[in-house]
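Peer 1: Have a look at the structure that comes next, please.
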Amino acid sequence: MPDALPSNFIRNIITEDINVNKNDGRVHTRFPPEPNGYLHIGHAKAICLNFGLAAEYGGLCNLRFDDTNPSKEEVEYVDCIKADVRWLGFDWGDREYYASDYFEQLYQYAVQLIKAGMAYVCDLSADEIREYRGTLTEPGKDSPYRARSVEENLDLFERMRAGEFPDGSRTLRAKIDMASPNLNMRDPVMYRILRATHHRTGDRWCIYPTYDFAHGQSDSIEGITHSICTLEFEDHRPLYDWFLDALKIHHPQQIEFARLNLTYAVLSKRRLLDLVERGHVTGWDDPRMPTLAGIRRRGYTPESIRTFCERIGVAKRNSTVDIAMLEHCLREDLNKRAPRVMAVLRPLRVVIDNYPDGKVEELEAVNSPEDPSMGTRKVPFSRALYIETEDFREDPPKGFFRLSPGREVRLRYGYIIKCVDVVKDLKSGEVTELHCTYDPATKSGSAQSGRKVKATLHWVSAAHAIEAEVRLYDHLFLKPNPDDVEGGADWRSNLNPNSLVRLTSCRVEPSLAAAAPGSRYQFERLGYFFVDPVDSSSAAPVFNRTVTLRDTWAKVEKAQRKR
RNA sequence: UGGGCGGUCGCCAAGCGGUAAGGCCCCGGACUUUGGAUCCGGUAUCGAAGGUUCGAAUCCUUCCCGCCCAGCCA
């Protein structure tokens with residue numbers, strides 16, 4: 001099965017490992033988030049990779065929370081992370097683990113290293129440790145406590161655990177090489193004294209292992225075969241290897257890949273938090289956020305995210321994927337599954353002068369041209385309708401196919417109409433109403449319906465339409481690279497002031513009265529919309545624009561404007 | 001300037017000595033009662049320079065550029 005999938009360097013490694021029967025041909029991965037924030041699309045890449053690889057090779061993938069820093073982690077995050085991974089479509093069975101489950105084992109490992117003379121208790125302060133570490137170009141120097149006896153180290157470490165020393169007063173360090181060109185090998189800290197209540201172990205511990213001392217061993221304990229992580233841990237691999245070899249325990253293979261970057265977006269926990277705290281967005285689940293919670297509320301499907309993650313591939317090169325790629329995967333999925341419906345966002349009243357007053361026809365509309373099995377529905381047609389304001393131009397530019405004085409267009413599923421009069425507001429000059437005539441012989445499906453017109457417009461019957469709020473979302477940033485700023489300014493100056501446009505008097509066709517929160521539709525000619533699961537109600541429906549349709553006219557117009 | 005890792009089309013990304021996959025974007029065109037979808041077609045000699053070889057993106061050398069590392073964060 002793996003052969004059918006696109007090649008990438010990780011698959012190559014695993015395939016080769018299986019060929020030489022490494023780990024008895026077993027593949028076991030894990031997704032190891034720290035429960036200190038929300039998952040975003042970048043994590044989705046790691047999730048799809050780890051769970052995907054395990055599934056492809058008939059292996060398993062664990063969900064493990066790397067909760068070694070109680071001062072930053074909370075149980076709420078654990079719950080959100082689990083919900084997000086599940087939403088993406090992955091299942092970790094009963095293998096929900098926590099690094100904190102291994103605290104006692106990790107402590108014993110530390111004791112083992114002390115006994116082997118490979119770790120020591122150091123009394124240097126944080127600042128002193130930094131000074132002793134040296135710099136990128138100069139070697140560090142040995143801590144004065146480096147030569148303590150095994151007995152003394154054992155005693156001190158035990159007393160650290162017992163709470164005899166204040167926070168930060170001592171650490172347990174690995175005795176490696178203060179002159180190593182790899183700073184991670186300059187006697188890294190393994191344990192620190194930290195009196196903080198842990199979300200799982202409470203106050204049982206006052207010393208906590210560092211990530212560096214916990215991660216590799218946690219993988220080892222779980223029998224992980226391939227520890228897939230991001231590039232910045234490449235420098236740490238020699239350290240993890242050192243611990244594993246010193247401890248003589250199962251040795252997973254670490255493989256590093258480049259984390260995802262997206263254009264028109266920001267993807268770091270720090271910046272995401274900043275956006276939330278400064279109120280640039282309404283919260284972690286704001287539909288403009290690249291968090292899984294935000295993306296979900298925007299209306300993205302998990303399937304589209306999974307195919308996106310598959311298509312962008314995996315490599316070691318730092319890269320920024322065009323958000324158009326994500327949007328393409330989304331449209332591709334939604335095109336297949338979203339029922340079509342008509343909605344007018346900015347209504348312009350149209351009166352069909354020669355259509356009998358009071359008459360109502362129920363026109364048959366197809367729910368999806370992509371999938372006939374989705375059936376049809378009835379849409380009421382009457383004398384007074386609404387069309388999209390931007391579908392009429394009194395003075396049509398070149399290439400504008402839609403309605404204008406004297407011109408004909410088809411109303412989708414209805415008739416061909418011709419604009420015969422334009423009513424304007426005397427003061428503002430704004431077009432407030434159109435008068436048209438219809439040709440009864442052009443009804444959709446009838447013999448003469450085939451007459452060619454340049455455009456087909458969506459519409460809604462004024463008397464039958466439902467009022468709704470529509471939230472138009474756009475990229476959060478104006479530039480592909482938010483960091484592309486003029487001197488002095490910062491990335492926030494690139495925030496798109498129009499990333500959210502709320503339209504409160506939209507009109508949607510009556511069939512949408514039954515639209516359930518969380519359901520998706522294509523508003524014909526406009527885009528894909530999602531019934532907001534939080535704010536929408538049958539009394540006051542709210543639709544989020546997930547993504548627009550591809551719009552070639554918009555492109556033409558943009559090009560014309562430039563000229 | 002120490003160490004680690006990268007540099008193949010505008011953006012991702014295959015390729016592993018035999019003469020540059022694919023996707024996105026973009027540009028044409030066909031079709032179309034969504035200017036949607038779909039369908040055709042178009043666009044790179046592989047960071048640079050040397051070298052090895054019948055033959056190199058793939059091997060060697062040197063150089064250039066980018067990213068990461070000096071948390072008791074992960």
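By order of appearance in the structure tokens: chains A, B, ..., then residues from 1 within every chain, and ligands from 1 in the order shown.
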For G55 (chain B), list every protein, DNA or RNA residue within 8 Å, evaluated using only C-alpha atoms (C1' of nucleotides), and leave out those in the same chain fewer than 5 positions away; present the list as a list in words.
Peer 2: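 So the residues in contact are G17, G18 and U19 of chain B.
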Peer 1: Should the cut-off be 10 Å, what would the residue list for chain B against chain A look like, counting only C-alpha atoms (C1' of nucleotides), as a PyMOL selection string?
Peer 2: chain B and resi 1-7+11-15+22-25+33-38+66-74
Peer 1: Report as a PyMOL selection string all protein, DNA and RNA residues lying within 12 Å of G42 (chain B), evaluated on only C-alpha atoms (C1' of nucleotides), omitting residues in the same chain fewer than 6 positions from it.
Peer 2: chain B and resi 26-29
Peer 1: Identify, with DSSP run on backbone atoms, the residues in region 283-403 of chain A assigned to helix (DSSP H, G or I), and express the list as a ChimeraX atom specification.
Peer 2: /A:292-298,302-312,323-337,372-374,389-391
Peer 1: Write the selection just made, keeping N, CA and C atoms, as a short mmCIF file (atom, residue, chain, number, x, y, z; two decimals), in the first residue's frame?
Peer 2:
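Contents of selection.cif, freshly written:
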data_model
loop_
_atom_site.label_atom_id
_atom_site.label_comp_id
_atom_site.auth_asym_id
_atom_site.auth_seq_id
_atom_site.Cartn_x
_atom_site.Cartn_y
_atom_site.Cartn_z
N LEU A 292 -7.21 24.94 14.74
CA LEU A 292 -8.17 23.96 14.28
C LEU A 292 -9.57 24.36 14.73
N ALA A 293 -9.65 24.95 15.92
CA ALA A 293 -10.95 25.40 16.41
C ALA A 293 -11.52 26.49 15.51
N GLY A 294 -10.67 27.39 15.05
CA GLY A 294 -11.12 28.47 14.19
C GLY A 294 -11.50 27.99 12.81
N ILE A 295 -10.64 27.17 12.27
CA ILE A 295 -10.87 26.60 10.95
C ILE A 295 -12.16 25.78 10.92
N ARG A 296 -12.39 25.07 12.00
CA ARG A 296 -13.60 24.25 12.10
C ARG A 296 -14.83 25.14 12.10
N ARG A 297 -14.75 26.22 12.87
CA ARG A 297 -15.90 27.12 12.94
C ARG A 297 -16.09 27.89 11.64
N ARG A 298 -15.02 28.02 10.91
CA ARG A 298 -15.11 28.70 9.62
C ARG A 298 -15.89 27.82 8.63
N PRO A 302 -12.65 18.34 7.86
CA PRO A 302 -11.42 17.63 8.23
C PRO A 302 -10.81 16.93 7.02
N GLU A 303 -11.66 16.43 6.13
CA GLU A 303 -11.15 15.75 4.93
C GLU A 303 -10.26 16.68 4.12
N SER A 304 -10.70 17.93 3.97
CA SER A 304 -9.92 18.85 3.14
C SER A 304 -8.58 19.15 3.79
N ILE A 305 -8.54 19.17 5.08
CA ILE A 305 -7.27 19.42 5.76
C ILE A 305 -6.35 18.23 5.62
N ARG A 306 -6.93 17.07 5.68
CA ARG A 306 -6.10 15.87 5.51
C ARG A 306 -5.52 15.80 4.11
N THR A 307 -6.32 16.10 3.10
CA THR A 307 -5.74 16.01 1.76
C THR A 307 -4.72 17.14 1.57
N PHE A 308 -4.97 18.26 2.18
CA PHE A 308 -3.99 19.36 2.11
C PHE A 308 -2.65 18.88 2.68
N CYS A 309 -2.71 18.27 3.85
CA CYS A 309 -1.48 17.82 4.50
C CYS A 309 -0.77 16.76 3.65
N GLU A 310 -1.55 15.97 2.94
CA GLU A 310 -0.94 14.96 2.08
C GLU A 310 -0.26 15.63 0.89
N ARG A 311 -0.94 16.62 0.32
CA ARG A 311 -0.41 17.25 -0.88
C ARG A 311 0.79 18.15 -0.67
N ILE A 312 0.89 18.80 0.46
CA ILE A 312 2.03 19.69 0.67
C ILE A 312 3.31 18.89 0.86
N ILE A 323 -1.54 29.78 0.71
CA ILE A 323 -2.83 29.46 1.30
C ILE A 323 -3.85 29.06 0.23
N ALA A 324 -3.55 29.44 -1.02
CA ALA A 324 -4.43 29.04 -2.13
C ALA A 324 -4.48 27.52 -2.25
N MET A 325 -3.42 26.87 -1.84
CA MET A 325 -3.37 25.41 -1.88
C MET A 325 -4.40 24.84 -0.90
N LEU A 326 -4.45 25.42 0.29
CA LEU A 326 -5.40 24.98 1.30
C LEU A 326 -6.82 25.22 0.79
N GLU A 327 -7.03 26.42 0.24
CA GLU A 327 -8.36 26.78 -0.24
C GLU A 327 -8.79 25.89 -1.41
N HIS A 328 -7.83 25.50 -2.21
CA HIS A 328 -8.15 24.60 -3.30
C HIS A 328 -8.65 23.26 -2.79
N CYS A 329 -7.96 22.72 -1.80
CA CYS A 329 -8.37 21.44 -1.23
C CYS A 329 -9.77 21.55 -0.62
N LEU A 330 -10.04 22.68 -0.03
CA LEU A 330 -11.33 22.92 0.60
C LEU A 330 -12.43 22.94 -0.47
N ARG A 331 -12.24 23.76 -1.50
CA ARG A 331 -13.25 23.88 -2.55
C ARG A 331 -13.51 22.54 -3.22
N GLU A 332 -12.44 21.81 -3.43
CA GLU A 332 -12.55 20.52 -4.09
C GLU A 332 -13.47 19.60 -3.30
N ASP A 333 -13.33 19.63 -1.99
CA ASP A 333 -14.14 18.79 -1.13
C ASP A 333 -15.57 19.31 -1.05
N LEU A 334 -15.70 20.59 -0.80
CA LEU A 334 -17.02 21.20 -0.67
C LEU A 334 -17.82 21.13 -1.97
N ASN A 335 -17.15 21.22 -3.09
CA ASN A 335 -17.84 21.16 -4.37
C ASN A 335 -18.60 19.85 -4.50
N LYS A 336 -18.00 18.80 -3.96
CA LYS A 336 -18.64 17.49 -4.05
C LYS A 336 -19.80 17.34 -3.08
N ARG A 337 -19.68 17.93 -1.91
CA ARG A 337 -20.65 17.62 -0.87
C ARG A 337 -21.64 18.72 -0.50
N PRO A 372 -26.37 14.20 -8.74
CA PRO A 372 -27.82 14.17 -8.97
C PRO A 372 -28.56 13.48 -7.83
N SER A 373 -27.89 12.59 -7.14
CA SER A 373 -28.58 11.87 -6.07
C SER A 373 -28.96 12.79 -4.92
N MET A 374 -28.44 14.01 -4.94
CA MET A 374 -28.80 14.94 -3.87
C MET A 374 -30.17 15.54 -4.12
N THR A 389 -26.72 43.21 -5.59
CA THR A 389 -26.45 44.58 -6.03
C THR A 389 -25.34 44.64 -7.07
N GLU A 390 -24.31 43.85 -6.86
CA GLU A 390 -23.19 43.92 -7.78
C GLU A 390 -23.45 43.21 -9.11
N ASP A 391 -24.63 42.63 -9.25
CA ASP A 391 -24.96 41.99 -10.53
C ASP A 391 -25.63 42.97 -11.48
#
Peer 1: Which residue gives the smallest distance to Arg195 (chain A) among A:Phe529, A:Gly429, A:Pro70, A:Gln105, with only C-alpha atoms counted?
Peer 2: A:Pro70
Peer 1: Just the number, please: distance in Å from CA of Ala110 (chain A) to CA of Glu222 (chain A), one decimal.
Peer 2: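 So the two atoms, CA of Ala110 (chain A) and CA of Glu222 (chain A), lie 18.0 Å apart.
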Peer 1: Could you please determine the separation between CA of Tyr98 (chain A) and CA of Ile47 (chain A) in Å, to one decimal place?
Peer 2: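 Here the two named atoms are 16.6 Å from each other.
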Peer 1: Write out as a PyMOL selection string which residues come within 9 Å of region 475-480 of chain A when counting only C-alpha atoms (C1' of nucleotides), dropping same-chain ones fewer than 2 positions away.
Peer 2: chain A and resi 262-266+288-289+322-323+473+482-484+491-500
Peer 1: Using DSSP on the backbone coordinates, identify all residues within region 81-137 of chain A classified as strand (DSSP E or B); present the result as a ChimeraX atom specification.
Peer 2: /A:96-98,119-122
Peer 1: Skipping near chain neighbours, those fewer than 3 positions away, what residues fall within 7 Å of Tyr57 (chain A) using only C-alpha atoms (C1' of nucleotides), listed as a PDB file with N, CA, C and O atoms, in the first residue's frame?
Peer 2:
ATOM      1  N   VAL A  27       5.930  -0.413  13.161  1.00  0.00           N
ATOM      2  CA  VAL A  27       5.928   1.040  13.030  1.00  0.00           C
ATOM      3  C   VAL A  27       5.025   1.598  14.128  1.00  0.00           C
ATOM      4  O   VAL A  27       3.853   1.248  14.221  1.00  0.00           O
ATOM      5  N   LEU A  53       1.133   7.829   8.876  1.00  0.00           N
ATOM      6  CA  LEU A  53       2.210   6.861   8.680  1.00  0.00           C
ATOM      7  C   LEU A  53       1.892   5.549   9.412  1.00  0.00           C
ATOM      8  O   LEU A  53       2.061   4.459   8.863  1.00  0.00           O
ATOM      9  N   ALA A  54       1.428   5.679  10.635  1.00  0.00           N
ATOM     10  CA  ALA A  54       1.105   4.473  11.405  1.00  0.00           C
ATOM     11  C   ALA A  54       0.034   3.667  10.671  1.00  0.00           C
ATOM     12  O   ALA A  54       0.154   2.448  10.521  1.00  0.00           O
TER      13      ALA A  54
END
Peer 1: Just to confirm, what's the straight-line distance from CA of Gly25 (chain A) to CA of Ser220 (chain A) in Å (one decimal)?
Peer 2: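 Value for the CA of Gly25 (chain A)-CA of Ser220 (chain A) distance: 16.5 Å.
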